[in-house]
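Chemist: Sharing structure21.tsv (TSV, C-alpha atoms) below.
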```tsv
chain	number	residue	atom	x	y	z
W	1	MET	CA	-22.32	22.18	38.75
W	2	LYS	CA	-19.07	20.95	40.35
W	3	ILE	CA	-20.64	17.54	40.87
W	4	PHE	CA	-21.77	17.45	37.25
W	5	ASN	CA	-18.32	18.50	35.99
W	6	ALA	CA	-16.65	15.83	38.09
W	7	PHE	CA	-19.06	13.21	36.76
W	8	LEU	CA	-18.45	14.33	33.17
W	9	LEU	CA	-14.67	14.21	33.60
W	10	LYS	CA	-14.98	10.73	35.06
W	11	LEU	CA	-17.14	9.62	32.15
W	12	LEU	CA	-14.78	11.06	29.53
W	13	THR	CA	-11.75	9.48	31.11
W	14	ALA	CA	-13.47	6.12	31.31
W	15	GLY	CA	-14.14	6.42	27.62
W	16	MET	CA	-10.42	6.67	26.93
W	17	VAL	CA	-9.98	3.09	28.11
W	18	LEU	CA	-12.45	1.93	25.51
W	19	VAL	CA	-11.35	4.11	22.61
W	20	PHE	CA	-7.74	3.08	22.95
W	21	PHE	CA	-8.63	-0.59	22.60
W	22	HIS	CA	-10.77	0.18	19.58
W	23	SER	CA	-7.63	1.19	17.77
W	24	PHE	CA	-5.70	-1.81	19.08
W	25	SER	CA	-4.44	-4.27	16.45
W	26	TYR	CA	-4.88	-1.79	13.62
W	27	ALA	CA	-1.82	0.30	14.38
W	28	GLN	CA	0.60	-1.45	12.01
W	29	PRO	CA	-0.43	-2.59	8.52
W	30	ILE	CA	-1.24	-6.28	8.29
W	31	VAL	CA	-0.18	-6.28	4.62
W	32	ASP	CA	3.07	-5.12	3.01
W	33	GLY	CA	4.75	-4.96	-0.39
W	34	PHE	CA	6.49	-8.33	-0.26
W	35	MET	CA	4.98	-11.32	-2.09
W	36	LYS	CA	5.40	-14.92	-0.89
W	37	GLY	CA	5.34	-16.64	-4.28
W	38	LYS	CA	3.06	-19.45	-5.38
W	39	GLY	CA	2.85	-22.26	-2.82
W	40	HIS	CA	5.02	-20.51	-0.25
W	41	GLY	CA	3.84	-18.99	3.02
W	42	SER	CA	4.39	-18.30	6.70
W	43	LEU	CA	2.67	-18.88	10.03
W	44	VAL	CA	3.43	-16.50	12.90
W	45	LEU	CA	2.50	-16.95	16.57
W	46	SER	CA	3.10	-13.62	18.30
W	47	TYR	CA	2.71	-11.96	21.69
W	48	SER	CA	2.19	-8.23	22.17
W	49	TRP	CA	2.13	-6.01	25.28
W	50	GLU	CA	0.87	-2.40	25.38
W	51	GLN	CA	0.56	0.10	28.21
W	52	TYR	CA	-0.31	3.77	28.77
W	53	ASP	CA	-1.12	6.21	31.56
W	54	GLN	CA	-1.61	9.33	29.41
W	55	PHE	CA	-4.19	9.96	26.70
W	56	TYR	CA	-5.47	12.50	24.22
W	57	LEU	CA	-8.87	13.88	25.24
W	58	GLY	CA	-9.88	15.31	21.90
W	59	PRO	CA	-6.61	16.84	20.63
W	60	ASP	CA	-5.26	17.65	24.14
W	61	LYS	CA	-2.83	15.36	25.96
W	62	ARG	CA	-3.87	14.62	29.55
W	63	ASP	CA	-2.66	12.64	32.51
W	64	ALA	CA	-5.39	10.29	33.65
W	65	PRO	CA	-6.98	12.00	36.70
W	66	PRO	CA	-8.35	10.06	39.70
W	67	PRO	CA	-9.92	7.56	39.83
W	68	TYR	CA	-8.22	6.55	36.58
W	69	GLY	CA	-4.67	7.39	37.60
W	70	GLY	CA	-3.42	3.85	37.08
W	71	GLN	CA	-2.08	2.25	33.95
W	72	ILE	CA	-4.04	0.61	31.16
W	73	THR	CA	-2.43	-2.60	29.97
W	74	THR	CA	-3.27	-4.78	26.98
W	75	GLN	CA	-1.80	-8.16	26.07
W	76	SER	CA	-2.57	-10.15	22.96
W	77	ILE	CA	-1.71	-13.45	21.34
W	78	SER	CA	-2.19	-13.53	17.58
W	79	LEU	CA	-2.04	-16.25	14.94
W	80	TYR	CA	-1.11	-14.80	11.55
W	81	GLY	CA	-0.87	-16.68	8.28
W	82	ILE	CA	0.02	-15.83	4.69
W	83	VAL	CA	0.22	-18.03	1.60
W	84	GLY	CA	0.96	-17.32	-2.04
W	85	LEU	CA	-1.96	-18.40	-4.23
W	86	THR	CA	0.05	-17.29	-7.27
W	87	ASP	CA	3.30	-15.36	-7.64
W	88	ASN	CA	1.25	-12.14	-7.64
W	89	LEU	CA	-1.64	-12.98	-5.29
W	90	ASP	CA	-1.38	-13.64	-1.54
W	91	LEU	CA	-4.03	-14.66	1.00
W	92	VAL	CA	-3.52	-13.24	4.53
W	93	ALA	CA	-5.40	-14.08	7.75
W	94	ASN	CA	-5.08	-12.98	11.38
W	95	ILE	CA	-6.85	-14.02	14.62
W	96	PRO	CA	-6.08	-12.13	17.88
W	97	TYR	CA	-6.96	-13.02	21.48
W	98	ILE	CA	-6.81	-9.91	23.68
W	99	THR	CA	-6.70	-9.25	27.42
W	100	ALA	CA	-7.23	-5.68	28.69
W	101	LYS	CA	-6.77	-4.56	32.28
W	102	GLY	CA	-7.38	-1.15	33.90
W	103	GLU	CA	-6.04	0.07	37.25
W	104	GLY	CA	-7.60	2.77	39.42
W	105	VAL	CA	-10.28	3.21	42.08
W	106	ASP	CA	-13.13	2.18	39.79
W	107	THR	CA	-11.13	-0.25	37.66
W	108	ILE	CA	-9.03	-2.11	40.23
W	109	ASP	CA	-8.25	-5.57	38.87
W	110	GLN	CA	-10.95	-5.06	36.24
W	111	GLN	CA	-10.09	-7.21	33.27
W	112	VAL	CA	-11.72	-8.33	30.02
W	113	ASN	CA	-10.43	-10.95	27.62
W	114	ASN	CA	-11.75	-12.70	24.54
W	115	LEU	CA	-11.17	-13.35	20.88
W	116	GLN	CA	-11.34	-10.01	19.09
W	117	ASP	CA	-11.77	-9.61	15.31
W	118	ALA	CA	-10.62	-12.05	12.62
W	119	SER	CA	-9.35	-10.49	9.42
W	120	LEU	CA	-8.91	-11.93	5.94
W	121	TRP	CA	-7.02	-10.15	3.13
W	122	LEU	CA	-6.23	-10.60	-0.54
W	123	LYS	CA	-3.08	-8.83	-1.72
W	124	TRP	CA	-2.53	-8.46	-5.48
W	125	ARG	CA	0.53	-7.23	-7.36
W	126	PRO	CA	-0.62	-6.26	-10.87
W	127	LEU	CA	2.61	-4.53	-11.89
W	128	GLN	CA	6.32	-4.83	-11.16
W	129	VAL	CA	8.95	-3.01	-13.23
W	130	GLU	CA	12.73	-2.78	-13.26
W	131	ALA	CA	13.94	0.49	-11.73
W	132	GLY	CA	17.70	0.93	-11.88
W	133	GLU	CA	19.26	-1.95	-9.94
W	134	GLY	CA	16.00	-2.63	-8.10
W	135	LYS	CA	12.32	-3.34	-8.66
W	136	LEU	CA	9.30	-1.08	-8.26
W	137	SER	CA	6.04	-2.83	-7.38
W	138	PHE	CA	2.47	-1.56	-7.32
W	139	LEU	CA	-0.03	-3.53	-5.23
W	140	ALA	CA	-3.63	-3.43	-4.05
W	141	ALA	CA	-5.05	-5.13	-0.95
W	142	LEU	CA	-8.63	-5.74	0.15
W	143	GLY	CA	-9.47	-6.90	3.67
W	144	LEU	CA	-12.53	-7.94	5.67
W	145	ALA	CA	-12.59	-8.02	9.50
W	146	ALA	CA	-15.42	-9.21	11.75
W	147	PRO	CA	-15.84	-9.91	15.50
W	148	LEU	CA	-15.22	-13.48	16.64
W	149	SER	CA	-16.91	-13.12	20.04
W	150	ASP	CA	-19.69	-11.18	21.74
W	151	TYR	CA	-17.40	-8.78	23.61
W	152	ALA	CA	-18.83	-5.49	24.89
W	153	ALA	CA	-18.22	-2.46	22.67
W	154	ASN	CA	-19.83	0.47	24.51
W	155	ALA	CA	-18.19	-0.21	27.87
W	156	VAL	CA	-15.60	1.36	30.14
W	157	LEU	CA	-13.11	-1.43	29.42
W	158	SER	CA	-13.34	-3.09	26.02
W	159	ILE	CA	-11.14	-4.96	23.53
W	160	GLY	CA	-12.74	-3.49	20.39
W	161	ASN	CA	-15.69	-1.72	18.81
W	162	HIS	CA	-17.50	-4.88	17.58
W	163	SER	CA	-17.59	-3.48	14.07
W	164	THR	CA	-17.36	-5.28	10.74
W	165	ARG	CA	-14.81	-3.52	8.50
W	166	ILE	CA	-13.90	-3.49	4.84
W	167	ASP	CA	-10.44	-2.04	4.24
W	168	GLY	CA	-8.76	-1.20	0.95
W	169	ARG	CA	-5.10	-0.23	0.49
W	170	LEU	CA	-2.85	0.82	-2.38
W	171	ILE	CA	0.84	0.01	-1.90
W	172	THR	CA	3.96	1.23	-3.68
W	173	HIS	CA	7.11	-0.73	-2.88
W	174	TYR	CA	10.68	-0.23	-4.11
W	175	GLN	CA	13.29	-2.94	-3.46
W	176	SER	CA	16.89	-2.08	-4.29
W	177	GLY	CA	19.50	-4.60	-5.35
W	178	SER	CA	21.30	-4.13	-2.04
W	179	GLY	CA	18.24	-5.14	0.02
W	180	VAL	CA	17.20	-1.65	1.13
W	181	PHE	CA	13.50	-0.98	0.51
W	182	VAL	CA	11.00	1.86	0.76
W	183	GLU	CA	7.23	1.40	0.98
W	184	LEU	CA	4.23	3.75	1.01
W	185	GLN	CA	0.59	2.83	1.68
W	186	ALA	CA	-2.71	4.68	1.47
W	187	GLY	CA	-6.15	3.27	2.14
W	188	TYR	CA	-9.63	3.65	3.52
W	189	SER	CA	-11.62	1.66	6.10
W	190	ILE	CA	-15.44	1.35	5.98
W	191	ARG	CA	-16.93	0.32	9.34
W	192	SER	CA	-20.35	-0.79	10.58
W	193	ASN	CA	-22.27	0.00	13.79
W	194	GLU	CA	-21.83	3.78	13.54
W	195	VAL	CA	-18.07	3.44	14.04
W	196	PRO	CA	-16.43	6.26	12.03
W	197	ASN	CA	-14.81	5.35	8.74
W	198	ALA	CA	-11.12	6.25	8.49
W	199	THR	CA	-8.29	7.10	6.11
W	200	LEU	CA	-5.19	4.91	6.61
W	201	LEU	CA	-1.61	5.95	5.77
W	202	ALA	CA	1.64	4.07	6.31
W	203	ALA	CA	5.32	4.12	5.39
W	204	LYS	CA	8.31	1.79	5.82
W	205	LEU	CA	12.06	2.08	5.33
W	206	GLY	CA	14.12	-1.03	5.85
W	207	TYR	CA	16.51	-3.75	4.79
W	208	ALA	CA	15.53	-7.28	3.70
W	209	GLY	CA	18.43	-9.66	3.30
W	210	ALA	CA	19.21	-13.35	3.67
W	211	GLY	CA	20.69	-12.89	7.16
W	212	PHE	CA	18.14	-10.56	8.75
W	213	TYR	CA	15.27	-8.15	8.19
W	214	ILE	CA	14.67	-4.75	9.83
W	215	ASP	CA	12.33	-1.83	9.19
W	216	LEU	CA	11.31	1.54	10.58
W	217	TRP	CA	7.59	2.19	10.13
W	218	SER	CA	4.89	4.74	10.74
W	219	GLU	CA	1.10	4.32	10.67
W	220	THR	CA	-1.57	7.02	10.73
W	221	GLN	CA	-5.34	6.75	11.10
W	222	ILE	CA	-7.60	9.76	10.45
W	223	SER	CA	-11.28	9.23	11.28
W	224	ASP	CA	-13.91	11.06	9.25
W	225	SER	CA	-13.91	14.68	10.40
W	226	ASP	CA	-17.62	14.81	11.28
W	227	ALA	CA	-17.18	12.14	13.98
W	228	PRO	CA	-17.45	13.60	17.53
W	229	ASP	CA	-15.04	13.44	20.46
W	230	ILE	CA	-15.45	11.49	23.71
W	231	GLY	CA	-18.57	12.22	25.75
W	232	MET	CA	-20.85	13.26	22.89
W	233	VAL	CA	-21.86	9.80	21.62
W	234	PRO	CA	-21.49	6.15	22.69
W	235	PHE	CA	-17.82	5.30	23.10
W	236	ASN	CA	-17.59	3.12	19.99
W	237	GLU	CA	-18.82	6.00	17.78
W	238	THR	CA	-16.00	8.33	18.82
W	239	ARG	CA	-13.44	9.76	16.41
W	240	VAL	CA	-10.03	8.07	16.85
W	241	ASN	CA	-6.97	9.59	15.19
W	242	TYR	CA	-3.36	8.59	15.79
W	243	THR	CA	0.16	8.42	14.43
W	244	GLN	CA	2.42	5.65	15.63
W	245	ILE	CA	6.06	4.88	14.84
W	246	GLY	CA	8.04	1.73	15.46
W	247	LEU	CA	10.77	-0.75	14.63
W	248	ASN	CA	10.48	-4.39	13.51
W	249	ALA	CA	13.18	-7.03	13.13
W	250	PHE	CA	13.38	-10.67	12.02
W	251	VAL	CA	16.23	-13.18	12.22
W	252	PRO	CA	16.04	-16.64	10.59
W	253	LEU	CA	17.23	-19.53	12.75
W	254	SER	CA	16.97	-22.14	9.99
W	255	SER	CA	15.42	-22.53	6.56
W	256	SER	CA	11.99	-22.93	8.19
W	257	PHE	CA	12.03	-21.10	11.53
W	258	GLY	CA	12.86	-17.62	12.73
W	259	ILE	CA	12.09	-15.10	15.48
W	260	SER	CA	10.65	-11.61	15.22
W	261	ALA	CA	10.55	-8.64	17.60
W	262	GLY	CA	9.18	-5.12	17.51
W	263	VAL	CA	8.45	-1.91	19.41
W	264	GLY	CA	5.91	0.84	18.76
W	265	GLN	CA	4.96	4.18	20.24
W	266	TYR	CA	1.99	6.53	19.73
W	267	VAL	CA	3.38	10.03	19.11
W	268	SER	CA	0.18	12.00	18.46
W	269	GLY	CA	-3.55	11.43	18.36
W	270	ARG	CA	-7.11	12.32	19.22
W	271	ASN	CA	-9.20	10.33	21.73
W	272	VAL	CA	-6.52	7.65	22.04
W	273	GLY	CA	-4.10	6.37	24.68
W	274	LEU	CA	-0.45	7.37	24.39
W	275	ALA	CA	0.66	3.74	24.39
W	276	THR	CA	3.98	1.95	24.15
W	277	ARG	CA	4.05	-1.55	22.64
W	278	VAL	CA	6.60	-4.39	22.55
W	279	SER	CA	6.10	-7.67	20.73
W	280	GLY	CA	7.78	-10.89	19.75
W	281	GLY	CA	6.96	-13.94	17.68
W	282	ILE	CA	7.93	-17.31	16.27
W	283	VAL	CA	7.82	-17.59	12.49
W	284	TYR	CA	7.47	-20.81	10.48
W	285	SER	CA	8.01	-20.50	6.72
W	286	PHE	CA	7.33	-23.05	4.03
```
Starting from the file, give its structure as structure tokens.

Modeler:
Amino acid sequence: MKIFNAFLLKLLTAGMVLVFFHSFSYAQPIVDGFMKGKGHGSLVLSYSWEQYDQFYLGPDKRDAPPPYGGQITTQSISLYGIVGLTDNLDLVANIPYITAKGEGVDTIDQQVNNLQDASLWLKWRPLQVEAGEGKLSFLAALGLAAPLSDYAANAVLSIGNHSTRIDGRLITHYQSGSGVFVELQAGYSIRSNEVPNATLLAAKLGYAGAGFYIDLWSETQISDSDAPDIGMVPFNETRVNYTQIGLNAFVPLSSSFGISAGVGQYVSGRNVGLATRVSGGIVYSF
């Protein structure tokens, strides 16, 4: 029995490596309440680094026991683009390349890397009204994501769940005359390959001015409640819940170029790594 329990604990912990990467790249909304305007757009080349050595096994926070006492590190390079098809309709695309590395007795120097999932979104603003000295906007966004490579999904170390997803979001955005803004999002994600569907919630509070941009954000994912925890099904079919908070900033260097930076931290979850993320990027606007 002791041998079986040790094997099970090892299996469950190994699964944490995989499940964490399944949530990777979905933590912060790829769409927001700002519109680019017809013919205008941006290209962003960004780098992101994430790391954790604690995880939530089901709802309980655990230190990774041997042989998985090392850190799990993920790095990604993403190319993001957005263009205004009309003043009230934007097209958004994102392509990430991800490297994941696990440390520990059974994962020493083990590393996987590949293109992950490309995503394509349409963001529509059907209504914008004057509200005091500001503007209140109501938007809807529809996105499709699909794997770009044949990476392993049900594996100890993985960069994703190899699932095709259709995501829908409703967005309410208030922009004051001073530049301060508030944004709320709610949505749902439908996923293939037995990966649990999920409810998506997000909020932002920030300032958008000519000299700089900054926001505080939170993002929550809640998988369908009938999805099981780690160890009961293949790793990619596991329930993954989380709440993450963070800070983003952008400073223009010229009329066309600027730099962005951000930090993020998981603060609660289920079957997910308690990860910290830092990122930076170069932004070209036209």

Chemist: Distance atom CA of W:Tyr80-atom CA of W:Leu43, one decimal place?

Modeler: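 It comes out at 5.8 Å.
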
Chemist: Starting from the point (-1.6, -2.3, -2.2), work out which residues of protein, DNA or RNA have an atom no more than 7 Å away when counting only C-alpha atoms; state them as a PyMOL selection string.

Modeler: chain W and resi 123+138-141+169-172+185

Chemist: Excluding same-chain residues fewer than 3 positions from stretch 235-245 of chain W, what lies within 7 Å of it counting only C-alpha atoms, as a PyMOL selection string?

Modeler: chain W and resi 15+18-19+27+153-154+161+194-196+217-223+227-230+264-272

Chemist: Could those residues be written to a file, using C-alpha atoms, as a PDB file, keeping the file's coordinate frame?

Modeler:
```pdb
ATOM      1  CA  GLY W  15     -14.140   6.420  27.620  1.00  0.00           C
ATOM      2  CA  LEU W  18     -12.450   1.930  25.510  1.00  0.00           C
ATOM      3  CA  VAL W  19     -11.350   4.110  22.610  1.00  0.00           C
ATOM      4  CA  ALA W  27      -1.820   0.300  14.380  1.00  0.00           C
ATOM      5  CA  ALA W 153     -18.220  -2.460  22.670  1.00  0.00           C
ATOM      6  CA  ASN W 154     -19.830   0.470  24.510  1.00  0.00           C
ATOM      7  CA  ASN W 161     -15.690  -1.720  18.810  1.00  0.00           C
ATOM      8  CA  GLU W 194     -21.830   3.780  13.540  1.00  0.00           C
ATOM      9  CA  VAL W 195     -18.070   3.440  14.040  1.00  0.00           C
ATOM     10  CA  PRO W 196     -16.430   6.260  12.030  1.00  0.00           C
ATOM     11  CA  TRP W 217       7.590   2.190  10.130  1.00  0.00           C
ATOM     12  CA  SER W 218       4.890   4.740  10.740  1.00  0.00           C
ATOM     13  CA  GLU W 219       1.100   4.320  10.670  1.00  0.00           C
ATOM     14  CA  THR W 220      -1.570   7.020  10.730  1.00  0.00           C
ATOM     15  CA  GLN W 221      -5.340   6.750  11.100  1.00  0.00           C
ATOM     16  CA  ILE W 222      -7.600   9.760  10.450  1.00  0.00           C
ATOM     17  CA  SER W 223     -11.280   9.230  11.280  1.00  0.00           C
ATOM     18  CA  ALA W 227     -17.180  12.140  13.980  1.00  0.00           C
ATOM     19  CA  PRO W 228     -17.450  13.600  17.530  1.00  0.00           C
ATOM     20  CA  ASP W 229     -15.040  13.440  20.460  1.00  0.00           C
ATOM     21  CA  ILE W 230     -15.450  11.490  23.710  1.00  0.00           C
ATOM     22  CA  GLY W 264       5.910   0.840  18.760  1.00  0.00           C
ATOM     23  CA  GLN W 265       4.960   4.180  20.240  1.00  0.00           C
ATOM     24  CA  TYR W 266       1.990   6.530  19.730  1.00  0.00           C
ATOM     25  CA  VAL W 267       3.380  10.030  19.110  1.00  0.00           C
ATOM     26  CA  SER W 268       0.180  12.000  18.460  1.00  0.00           C
ATOM     27  CA  GLY W 269      -3.550  11.430  18.360  1.00  0.00           C
ATOM     28  CA  ARG W 270      -7.110  12.320  19.220  1.00  0.00           C
ATOM     29  CA  ASN W 271      -9.200  10.330  21.730  1.00  0.00           C
ATOM     30  CA  VAL W 272      -6.520   7.650  22.040  1.00  0.00           C
TER      31      VAL W 272
END
```

Chemist: Atom CA of W:Ser255 and atom CA of W:Asn88 are how many Å apart?

Modeler: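 Taking atom CA of W:Ser255 as the start and atom CA of W:Asn88 as the end point, the length is 22.6 Å.
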
Chemist: Quick check, in Å to one decimal: how far apart do atom CA of W:Gly39 and atom CA of W:Leu122 lie?

Modeler: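 Pair atom CA of W:Gly39 / atom CA of W:Leu122 returns 15.0 Å.
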
Chemist: Between W:Val278, W:Leu127, W:Val283, W:Ala210, which one has atoms that come closest to W:Ser256, using only C-alpha atoms?

Modeler: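 Of all the options, W:Val283 lies closest to W:Ser256.
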
Chemist: Taking all atoms of stretch 167-178 of chain W that the file lists and extending 4 Å past them on each side, where is the centre of the axis-aligned box and how long are its edges? Answer in Å to one decimal, as JSON.

Modeler:
```
{"center_x": 5.4, "center_y": -1.7, "center_z": -0.6, "size_x": 39.7, "size_y": 13.8, "size_z": 17.6}
```

Chemist: Determine the nearest neighbour of W:Ser158 from the options W:Thr73, W:Ser189, W:Thr86, W:Ser285, counting all atoms listed in the file.

Modeler: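 Closest to W:Ser158, using all atoms listed in the file: W:Thr73.
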